[in-house]
>>> print(open('run_35.csv').read())   # CSV, C-alpha atoms
chain,number,residue,atom,x,y,z
A,1,MET,CA,23.4,4.1,-13.2
A,2,GLY,CA,25.8,1.7,-14.9
A,3,ILE,CA,26.2,0.9,-18.5
A,4,ALA,CA,24.4,-2.5,-18.1
A,5,SER,CA,21.4,-0.8,-16.5
A,6,GLN,CA,21.2,1.8,-19.3
A,7,ASP,CA,21.3,-0.9,-21.9
A,8,ALA,CA,18.6,-2.8,-20.1
A,9,ILE,CA,16.4,0.3,-20.1
A,10,LYS,CA,17.0,0.9,-23.8
A,11,GLN,CA,16.1,-2.7,-24.7
A,12,PHE,CA,13.0,-2.6,-22.4
A,13,SER,CA,11.9,0.7,-24.0
A,14,ALA,CA,12.2,-0.9,-27.5
A,15,LEU,CA,9.9,-3.7,-26.4
A,16,VAL,CA,7.3,-1.4,-24.9
A,17,ALA,CA,7.3,0.7,-28.1
A,18,GLU,CA,6.0,-2.4,-30.0
A,19,VAL,CA,2.9,-3.0,-27.8
A,20,ASP,CA,-0.7,-2.5,-29.0
A,21,GLU,CA,-2.0,1.0,-29.2
A,22,SER,CA,-4.6,0.3,-26.5
A,23,LEU,CA,-1.8,-0.7,-24.1
A,24,LYS,CA,0.2,2.4,-25.0
A,25,ALA,CA,-2.6,4.6,-23.9
A,26,THR,CA,-2.8,2.8,-20.6
A,27,PHE,CA,1.0,3.0,-20.2
A,28,GLN,CA,0.9,6.7,-20.7
A,29,ASN,CA,-1.7,7.0,-17.9
A,30,ILE,CA,0.7,5.1,-15.6
A,31,HIS,CA,3.9,7.0,-16.4
A,32,GLN,CA,2.4,10.5,-16.6
A,33,GLY,CA,5.4,11.9,-18.5
A,34,TYR,CA,8.0,9.8,-16.8
A,35,PRO,CA,8.3,6.7,-19.0
A,36,THR,CA,11.9,5.9,-18.2
A,37,GLU,CA,11.5,6.1,-14.5
A,38,THR,CA,8.4,3.8,-14.7
A,39,LEU,CA,10.3,1.2,-16.7
A,40,VAL,CA,13.1,1.3,-14.1
A,41,ARG,CA,10.5,0.5,-11.4
A,42,PHE,CA,9.4,-2.6,-13.2
A,43,LEU,CA,13.0,-3.7,-14.0
A,44,LYS,CA,13.9,-3.3,-10.3
A,45,ALA,CA,10.9,-5.3,-9.3
A,46,ARG,CA,12.1,-8.2,-11.5
A,47,GLU,CA,15.8,-7.9,-10.6
A,48,TRP,CA,16.6,-6.3,-14.0
A,49,SER,CA,15.4,-9.2,-16.0
A,50,ILE,CA,14.1,-7.7,-19.2
A,51,PRO,CA,11.8,-10.6,-20.2
A,52,ASN,CA,10.3,-10.8,-16.7
A,53,ALA,CA,9.9,-7.1,-16.4
A,54,HIS,CA,8.2,-7.0,-19.9
A,55,LYS,CA,5.8,-9.7,-18.9
A,56,MET,CA,5.1,-8.0,-15.6
A,57,LEU,CA,4.3,-4.7,-17.3
A,58,LEU,CA,2.0,-6.3,-19.9
A,59,ASP,CA,0.1,-8.2,-17.2
A,60,CYS,CA,-0.3,-4.9,-15.3
A,61,LEU,CA,-1.5,-3.1,-18.4
A,62,ASN,CA,-4.0,-5.8,-19.2
A,63,TRP,CA,-5.2,-5.9,-15.6
A,64,ARG,CA,-5.9,-2.2,-15.7
A,65,ILE,CA,-7.8,-2.5,-19.0
A,66,GLN,CA,-9.9,-5.5,-17.9
A,67,ASN,CA,-10.8,-3.8,-14.6
A,68,CYS,CA,-11.2,-0.2,-15.9
A,69,ILE,CA,-8.6,1.0,-13.4
A,70,ASP,CA,-8.0,4.2,-15.4
A,71,GLU,CA,-11.7,5.1,-14.5
A,72,ILE,CA,-11.6,4.1,-10.9
A,73,LEU,CA,-11.2,7.7,-9.7
A,74,ALA,CA,-14.5,8.5,-11.2
A,75,LYS,CA,-16.4,5.9,-9.2
A,76,PRO,CA,-17.4,7.2,-5.8
A,77,ILE,CA,-18.3,4.8,-3.1
A,78,ILE,CA,-21.8,6.0,-2.2
A,79,PRO,CA,-23.6,6.8,0.0
A,80,ALA,CA,-21.0,8.6,2.0
A,81,ASP,CA,-21.8,6.6,5.1
A,82,LEU,CA,-20.7,3.4,3.3
A,83,TYR,CA,-17.3,5.1,2.6
A,84,ARG,CA,-17.1,6.2,6.2
A,85,GLY,CA,-17.6,2.6,7.3
A,86,ILE,CA,-14.8,1.5,5.0
A,87,ARG,CA,-12.5,4.1,6.5
A,88,ASP,CA,-13.4,2.9,10.0
A,89,SER,CA,-12.4,-0.6,9.1
A,90,GLN,CA,-9.5,0.0,6.7
A,91,LEU,CA,-7.2,2.4,8.6
A,92,VAL,CA,-5.2,4.2,6.1
A,93,GLY,CA,-4.5,7.9,5.6
A,94,LEU,CA,-2.0,10.7,4.6
A,95,SER,CA,-0.5,12.3,7.7
A,96,GLY,CA,1.9,14.7,5.9
A,97,TYR,CA,5.2,14.8,4.1
A,98,THR,CA,8.8,14.1,4.8
A,99,LYS,CA,11.3,17.0,4.8
A,100,ASP,CA,12.3,16.0,1.2
A,101,GLY,CA,8.8,15.9,-0.1
A,102,HIS,CA,7.7,12.3,0.1
A,103,PRO,CA,4.1,11.7,1.2
A,104,VAL,CA,3.7,9.9,4.5
A,105,PHE,CA,1.0,7.3,4.6
A,106,ALA,CA,-0.1,5.9,7.9
A,107,ILE,CA,-1.6,2.4,8.1
A,108,GLY,CA,-3.2,0.9,11.2
A,109,VAL,CA,-2.3,-2.7,10.6
A,110,GLY,CA,-3.2,-4.0,14.0
A,111,LEU,CA,-6.8,-2.7,14.1
A,112,SER,CA,-7.8,-2.8,10.4
A,113,THR,CA,-10.2,-5.4,9.1
A,114,TYR,CA,-9.4,-4.7,5.4
A,115,ASP,CA,-12.9,-5.0,4.1
A,116,LYS,CA,-12.4,-3.9,0.5
A,117,ALA,CA,-9.3,-4.3,-1.8
A,118,SER,CA,-11.1,-2.1,-4.3
A,119,SER,CA,-10.8,0.9,-1.9
A,120,HIS,CA,-7.1,0.2,-1.5
A,121,ILE,CA,-6.7,0.3,-5.3
A,122,GLN,CA,-8.6,3.6,-5.5
A,123,MET,CA,-6.3,5.1,-2.9
A,124,ASN,CA,-3.2,3.9,-4.8
A,125,GLU,CA,-4.5,5.7,-7.9
A,126,TYR,CA,-5.2,8.9,-6.0
A,127,ARG,CA,-1.7,8.7,-4.6
A,128,ASP,CA,-0.2,8.3,-8.1
A,129,HIS,CA,-2.4,10.7,-10.0
A,130,VAL,CA,-2.9,13.5,-7.4
A,131,ILE,CA,-0.6,13.3,-4.4
A,132,LEU,CA,2.7,12.5,-6.0
A,133,PRO,CA,2.3,14.9,-9.0
A,134,ALA,CA,1.5,17.7,-6.5
A,135,SER,CA,4.7,16.8,-4.5
A,136,THR,CA,6.6,16.8,-7.8
A,137,LYS,CA,5.4,20.3,-8.6
A,138,LYS,CA,6.1,21.6,-5.1
A,139,CYS,CA,9.6,20.1,-4.9
A,140,GLY,CA,10.6,21.0,-8.5
A,141,ARG,CA,11.8,17.4,-9.1
A,142,HIS,CA,10.2,14.0,-9.7
A,143,VAL,CA,8.7,12.5,-6.6
A,144,ALA,CA,7.6,9.0,-7.3
A,145,THR,CA,7.6,7.2,-3.9
A,146,CYS,CA,6.0,7.5,-0.5
A,147,VAL,CA,6.9,6.6,3.0
A,148,LYS,CA,4.6,4.3,5.0
A,149,VAL,CA,4.3,4.1,8.8
A,150,LEU,CA,2.7,0.9,9.9
A,151,ASP,CA,1.1,0.9,13.4
A,152,MET,CA,0.9,-2.5,15.0
A,153,THR,CA,-1.2,-1.4,17.9
A,154,GLY,CA,-3.9,-3.9,18.6
A,155,LEU,CA,-2.3,-6.8,16.7
A,156,LYS,CA,-3.7,-9.9,18.3
A,157,LEU,CA,-3.9,-13.7,17.6
A,158,SER,CA,-7.4,-13.3,16.4
A,159,ALA,CA,-6.3,-10.7,13.8
A,160,LEU,CA,-4.0,-13.1,12.1
A,161,CYS,CA,-7.0,-14.6,10.2
A,162,GLN,CA,-6.5,-11.5,8.0
A,163,ILE,CA,-3.4,-13.0,6.4
A,164,LYS,CA,-5.2,-13.9,3.2
A,165,LEU,CA,-6.6,-10.5,2.5
A,166,LEU,CA,-3.4,-8.8,3.5
A,167,THR,CA,-1.6,-11.1,1.1
A,168,ILE,CA,-4.1,-10.1,-1.7
A,169,ILE,CA,-3.4,-6.4,-1.1
A,170,SER,CA,0.3,-6.8,-1.0
A,171,THR,CA,0.2,-8.9,-4.2
A,172,ILE,CA,-1.8,-6.1,-5.9
A,173,ASP,CA,0.9,-3.6,-5.0
A,174,ASP,CA,3.8,-5.9,-5.9
A,175,LEU,CA,2.4,-6.7,-9.4
A,176,ASN,CA,0.8,-3.4,-10.4
A,177,TYR,CA,2.4,-0.7,-8.3
A,178,PRO,CA,6.0,-1.8,-7.9
A,179,GLU,CA,8.7,0.3,-6.1
A,180,LYS,CA,6.3,3.0,-4.9
A,181,THR,CA,7.4,2.9,-1.3
A,182,GLU,CA,10.7,4.3,-0.2
A,183,THR,CA,10.7,3.0,3.4
A,184,TYR,CA,8.3,1.0,5.7
A,185,TYR,CA,8.5,2.1,9.3
A,186,ILE,CA,7.0,-0.4,11.9
A,187,VAL,CA,5.9,1.2,15.2
A,188,ASN,CA,4.1,0.1,18.3
A,189,ALA,CA,5.0,-3.5,17.7
A,190,PRO,CA,3.7,-6.0,20.3
A,191,CYS,CA,5.4,-9.3,21.1
A,192,ILE,CA,3.1,-11.1,18.7
A,193,PHE,CA,4.7,-9.1,15.8
A,194,SER,CA,8.1,-10.8,16.3
A,195,ALA,CA,6.6,-14.2,15.6
A,196,CYS,CA,5.0,-12.9,12.4
A,197,TRP,CA,8.1,-11.1,11.3
A,198,LYS,CA,10.4,-14.1,11.7
A,199,VAL,CA,8.2,-15.9,9.2
A,200,VAL,CA,7.5,-13.1,6.8
A,201,LYS,CA,11.1,-11.7,6.6
A,202,PRO,CA,12.7,-14.6,4.8
A,203,LEU,CA,9.9,-14.6,2.2
A,204,LEU,CA,10.7,-11.0,1.2
A,205,GLN,CA,13.2,-10.1,-1.5
A,206,GLU,CA,16.4,-8.5,-0.2
A,207,ARG,CA,15.4,-5.3,-1.9
A,208,THR,CA,12.2,-5.1,0.1
A,209,ARG,CA,13.8,-6.2,3.4
A,210,ARG,CA,16.2,-3.3,3.2
A,211,LYS,CA,13.2,-0.9,3.2
A,212,VAL,CA,11.8,-2.2,6.4
A,213,GLN,CA,12.8,-0.4,9.7
A,214,ILE,CA,11.4,-1.5,13.0
A,215,LEU,CA,11.4,1.4,15.4
A,216,GLN,CA,11.2,1.5,19.2
A,217,GLY,CA,7.9,2.3,20.7
A,218,CYS,CA,5.9,4.8,18.8
A,219,GLY,CA,9.0,5.8,16.7
A,220,ARG,CA,8.5,9.5,17.3
A,221,ASP,CA,12.2,10.4,17.8
A,222,GLU,CA,13.4,8.5,14.7
A,223,LEU,CA,10.6,9.8,12.5
A,224,LEU,CA,11.2,13.4,13.5
A,225,LYS,CA,14.6,13.1,11.8
A,226,ILE,CA,12.8,12.8,8.4
A,227,MET,CA,9.6,14.8,9.0
A,228,ASP,CA,8.2,17.7,11.1
A,229,TYR,CA,6.0,17.1,14.1
A,230,ALA,CA,2.9,18.2,12.1
A,231,SER,CA,3.5,15.3,9.6
A,232,LEU,CA,3.7,12.6,12.3
A,233,PRO,CA,0.9,10.1,12.3
A,234,HIS,CA,-1.4,10.7,15.3
A,235,PHE,CA,-0.3,7.4,16.9
A,236,CYS,CA,3.3,8.5,16.9
A,237,LYS,CA,2.9,11.8,18.6
A,238,ARG,CA,3.0,10.5,22.1
A,239,GLU,CA,4.2,7.3,23.6
A,240,GLY,CA,1.7,4.8,24.8
A,241,SER,CA,-1.4,6.4,23.2
A,242,GLY,CA,-2.8,2.9,23.3
A,243,SER,CA,-4.7,2.8,20.0
A,244,SER,CA,-4.4,3.6,16.3
A,245,GLN,CA,-7.7,5.4,16.6
A,246,HIS,CA,-6.6,7.6,19.6
A,247,SER,CA,-6.7,11.3,18.8
A,248,SER,CA,-8.0,14.5,20.4
A,249,SER,CA,-10.5,14.8,17.5
A,250,ARG,CA,-11.5,12.8,14.5
A,251,SER,CA,-10.3,15.6,12.2
A,252,ASP,CA,-6.8,15.1,13.6
A,253,ASN,CA,-6.9,11.3,13.0
A,254,CYS,CA,-5.7,10.7,9.4
A,255,PHE,CA,-7.7,7.4,9.3
A,256,SER,CA,-11.0,9.2,9.8
A,257,PHE,CA,-13.4,10.2,7.0
A,258,ASP,CA,-13.5,13.6,8.7
A,259,HIS,CA,-9.7,14.1,8.2
A,260,HIS,CA,-9.0,16.7,5.4
A,261,PHE,CA,-7.1,14.1,3.3
A,262,HIS,CA,-10.2,11.8,3.0
A,263,GLN,CA,-12.5,14.7,2.6
A,264,GLN,CA,-10.4,15.9,-0.3
A,265,LEU,CA,-10.1,12.4,-1.8
A,266,TYR,CA,-13.8,11.8,-1.6
A,267,SER,CA,-14.6,15.3,-3.1
A,268,TYR,CA,-12.1,14.7,-5.9
A,269,ILE,CA,-13.7,11.4,-6.9
A,270,LYS,CA,-17.2,12.9,-6.8
A,271,GLN,CA,-16.1,15.8,-9.0
A,272,GLN,CA,-14.5,13.3,-11.5
A,273,ALA,CA,-17.8,11.4,-11.6
A,274,LEU,CA,-19.9,14.5,-12.4
A,275,GLY,CA,-19.0,14.6,-16.1
A,276,ARG,CA,-19.9,10.9,-16.5
A,277,GLU,CA,-23.1,10.9,-14.5
A,278,LEU,CA,-25.3,11.8,-17.5
A,279,ALA,CA,-24.0,8.9,-19.6
A,280,ALA,CA,-24.3,6.3,-16.8
A,281,PRO,CA,-26.1,7.1,-13.4
A,282,LEU,CA,-23.9,6.4,-10.4
A,283,LYS,CA,-24.6,3.1,-8.6
A,284,GLN,CA,-24.7,2.8,-4.9
A,285,GLY,CA,-22.3,0.5,-3.1
A,286,CYS,CA,-18.7,-0.6,-3.9
A,287,PHE,CA,-17.3,-1.4,-7.3
A,288,HIS,CA,-15.8,-4.8,-8.2
A,289,VAL,CA,-12.1,-5.3,-9.2
A,290,ASP,CA,-10.6,-8.7,-10.0
A,291,VAL,CA,-7.8,-9.3,-7.6
A,292,PRO,CA,-5.2,-12.0,-7.6
A,293,GLU,CA,-5.8,-14.9,-5.3
A,294,PRO,CA,-2.7,-15.8,-3.3
A,295,ASP,CA,-1.3,-19.3,-3.6
A,296,PRO,CA,-3.2,-21.4,-1.0
A,297,LYS,CA,-0.1,-23.6,-0.5
A,298,GLY,CA,2.0,-20.5,0.3
A,299,VAL,CA,-0.6,-19.0,2.6
A,300,ASN,CA,-0.8,-22.3,4.5
A,301,ILE,CA,3.0,-22.5,4.9
A,302,VAL,CA,3.0,-19.0,6.4
A,303,LYS,CA,0.1,-19.9,8.7
A,304,THR,CA,1.9,-23.1,9.9
A,305,ALA,CA,5.1,-21.2,10.4
A,306,ILE,CA,3.5,-18.5,12.5
A,307,GLU,CA,1.7,-21.1,14.6
A,308,SER,CA,5.1,-22.7,15.2
A,309,GLN,CA,6.7,-19.4,16.2
A,310,LEU,CA,3.8,-18.6,18.6
A,311,HIS,CA,4.3,-22.0,20.3
A,312,LYS,CA,8.0,-21.3,20.7
A,313,ILE,CA,7.1,-17.9,22.4
A,314,GLY,CA,4.7,-19.8,24.6
A,315,ASP,CA,7.4,-22.3,25.6
A,316,ARG,CA,9.8,-19.5,26.6
A,317,ASN,CA,7.2,-17.6,28.6
A,318,GLY,CA,5.5,-20.5,30.2
A,319,LEU,CA,2.4,-20.2,28.0
A,320,SER,CA,2.6,-23.5,26.2
A,321,ARG,CA,-0.5,-24.9,27.8
A,322,SER,CA,-2.7,-21.9,26.8
A,323,LEU,CA,-1.3,-22.0,23.3
A,324,SER,CA,-1.5,-25.8,22.9
A,325,GLY,CA,-4.7,-25.7,20.9
A,326,LEU,CA,-4.0,-22.6,18.9
A,327,LYS,CA,-4.9,-22.7,15.2
A,328,ILE,CA,-4.8,-19.7,13.0
A,329,ASN,CA,-7.9,-19.7,10.7
A,330,ILE,CA,-7.4,-18.2,7.2
A,331,ALA,CA,-10.7,-18.0,5.5
>>> encode(input="run_35.csv", output="structure tokens")
Amino acid sequence: MGIASQDAIKQFSALVAEVDESLKATFQNIHQGYPTETLVRFLKAREWSIPNAHKMLLDCLNWRIQNCIDEILAKPIIPADLYRGIRDSQLVGLSGYTKDGHPVFAIGVGLSTYDKASSHIQMNEYRDHVILPASTKKCGRHVATCVKVLDMTGLKLSALCQIKLLTIISTIDDLNYPEKTETYYIVNAPCIFSACWKVVKPLLQERTRRKVQILQGCGRDELLKIMDYASLPHFCKREGSGSSQHSSSRSDNCFSFDHHFHQQLYSYIKQQALGRELAAPLKQGCFHVDVPEPDPKGVNIVKTAIESQLHKIGDRNGLSRSLSGLKINIA
């Protein structure tokens, strides 16, 4: 790290030291003993601009306080069948670890319906407060990032109406959980993905674009260079499995509520809630978290650009007539 970067960290640290006591407690809950590394994450996310990184951190801390994020791991989604339904619609799970100790999160982008952003936040918190500290202890060094394998199986034209909710989720991560992903691996990408990627790629910061790797097929051979077979997501273990939900059993499918990761996560949250149950009885259903609304103008630009790319694909493949009336609906 250069002298300029070190100076930026010192200046940023001095600014953070002056925040209100209530914000300091929340900041401690974020950094968990690694304040400098946390400040570096926010500086990287704002291209090392100290004023911008400072504003970003303050906004994040206030968002956490206003939405009681520090208590979210004591708010189980009950009954369990409701949580099972969320897991069946929001396909995310921990499949294992890389050879150097980074958690591997699998995401079924193509077949997810992304019902609840609040469930996504809860999993982020479990990652940061349970999974990553456990990896740090096991590796004997600070592990602060994960690897994500994004399965595009099942991505269809009709699924593109999820752009708005996907944008909300990515905005939550960008603003409040910056620089937590080491690499994004894209696998099982259908033709429709290329149209989406041509539009999205230029909108990403160069720092983020460098993290994205599009692998051939299910990506098994490339992924085995960084993880053991046991840590591969189930949809990467054999070519042409045909579905993110394909597995010999639900317990082997890291998206399933029956998988040991989700069983441990759900049990942990229930245990955390036990000490607070006497003060406030648990409510059934999901909890509410205020999430940022994406810029409608920006979303419409993306929608129009994707439609344009799809028509170009149709022209090249003789499908222009069938795509002539195509409109992507973003609710």
>>> closest_atom_pairs(input="run_35.csv", of="region 258-277 of chain A", to="region 123-144 of chain A", cutoff="12 Å", atoms="all atoms listed in the file", output="JSON lines")
{"residue": "A:Phe261", "atom": "CA", "partner": "A:Ile131", "partner_atom": "CA", "distance": 10.1}
{"residue": "A:His262", "atom": "CA", "partner": "A:Met123", "partner_atom": "CA", "distance": 9.7}
{"residue": "A:Gln264", "atom": "CA", "partner": "A:Tyr126", "partner_atom": "CA", "distance": 10.4}
{"residue": "A:Leu265", "atom": "CA", "partner": "A:Tyr126", "partner_atom": "CA", "distance": 7.3}
{"residue": "A:Tyr266", "atom": "CA", "partner": "A:Tyr126", "partner_atom": "CA", "distance": 10.1}
{"residue": "A:Ser267", "atom": "CA", "partner": "A:Tyr126", "partner_atom": "CA", "distance": 11.7}
{"residue": "A:Tyr268", "atom": "CA", "partner": "A:Tyr126", "partner_atom": "CA", "distance": 9.0}
{"residue": "A:Ile269", "atom": "CA", "partner": "A:Tyr126", "partner_atom": "CA", "distance": 8.9}
{"residue": "A:Gln272", "atom": "CA", "partner": "A:Tyr126", "partner_atom": "CA", "distance": 11.7}
>>> closest_atom_pairs(input="run_35.csv", of="region 79-168 of chain A", to="region 222-231 of chain A", cutoff="10 Å", atoms="all atoms listed in the file", output="JSON lines")
{"residue": "A:Leu94", "atom": "CA", "partner": "A:Ser231", "partner_atom": "CA", "distance": 8.7}
{"residue": "A:Ser95", "atom": "CA", "partner": "A:Ser231", "partner_atom": "CA", "distance": 5.3}
{"residue": "A:Gly96", "atom": "CA", "partner": "A:Ser231", "partner_atom": "CA", "distance": 4.1}
{"residue": "A:Tyr97", "atom": "CA", "partner": "A:Ser231", "partner_atom": "CA", "distance": 5.8}
{"residue": "A:Thr98", "atom": "CA", "partner": "A:Met227", "partner_atom": "CA", "distance": 4.3}
{"residue": "A:Lys99", "atom": "CA", "partner": "A:Met227", "partner_atom": "CA", "distance": 5.0}
{"residue": "A:Asp100", "atom": "CA", "partner": "A:Ile226", "partner_atom": "CA", "distance": 7.9}
{"residue": "A:Gly101", "atom": "CA", "partner": "A:Met227", "partner_atom": "CA", "distance": 9.2}
{"residue": "A:His102", "atom": "CA", "partner": "A:Met227", "partner_atom": "CA", "distance": 9.4}
{"residue": "A:Pro103", "atom": "CA", "partner": "A:Ser231", "partner_atom": "CA", "distance": 9.2}
{"residue": "A:Val104", "atom": "CA", "partner": "A:Ser231", "partner_atom": "CA", "distance": 7.4}
{"residue": "A:Phe105", "atom": "CA", "partner": "A:Ser231", "partner_atom": "CA", "distance": 9.8}
{"residue": "A:Val149", "atom": "CA", "partner": "A:Leu223", "partner_atom": "CA", "distance": 9.3}
>>> closest_residue(input="run_35.csv", among="A:Thr167, A:Gln213, A:Ser194, A:Ser119", to="Leu150 (chain A)", atoms="all atoms listed in the file")
A:Gln213
>>> atom_distance(input="run_35.csv", atom1="CA of Tyr185 (chain A)", atom2="CA of Leu39 (chain A)")
26.1 Å
>>> closest_residue(input="run_35.csv", among="A:Leu232, A:Ile72, A:Leu215, A:Val200", to="Asn253 (chain A)", atoms="only C-alpha atoms")
A:Leu232
>>> atom_distance(input="run_35.csv", atom1="CA of Ser112 (chain A)", atom2="CA of Lys75 (chain A)")
23.1 Å
>>> atom_distance(input="run_35.csv", atom1="CA of Ser22 (chain A)", atom2="CA of Thr38 (chain A)")
17.9 Å
>>> closest_residue(input="run_35.csv", among="A:Ile168, A:Met152, A:Val212, A:Cys191", to="Gly108 (chain A)", atoms="all atoms listed in the file")
A:Met152
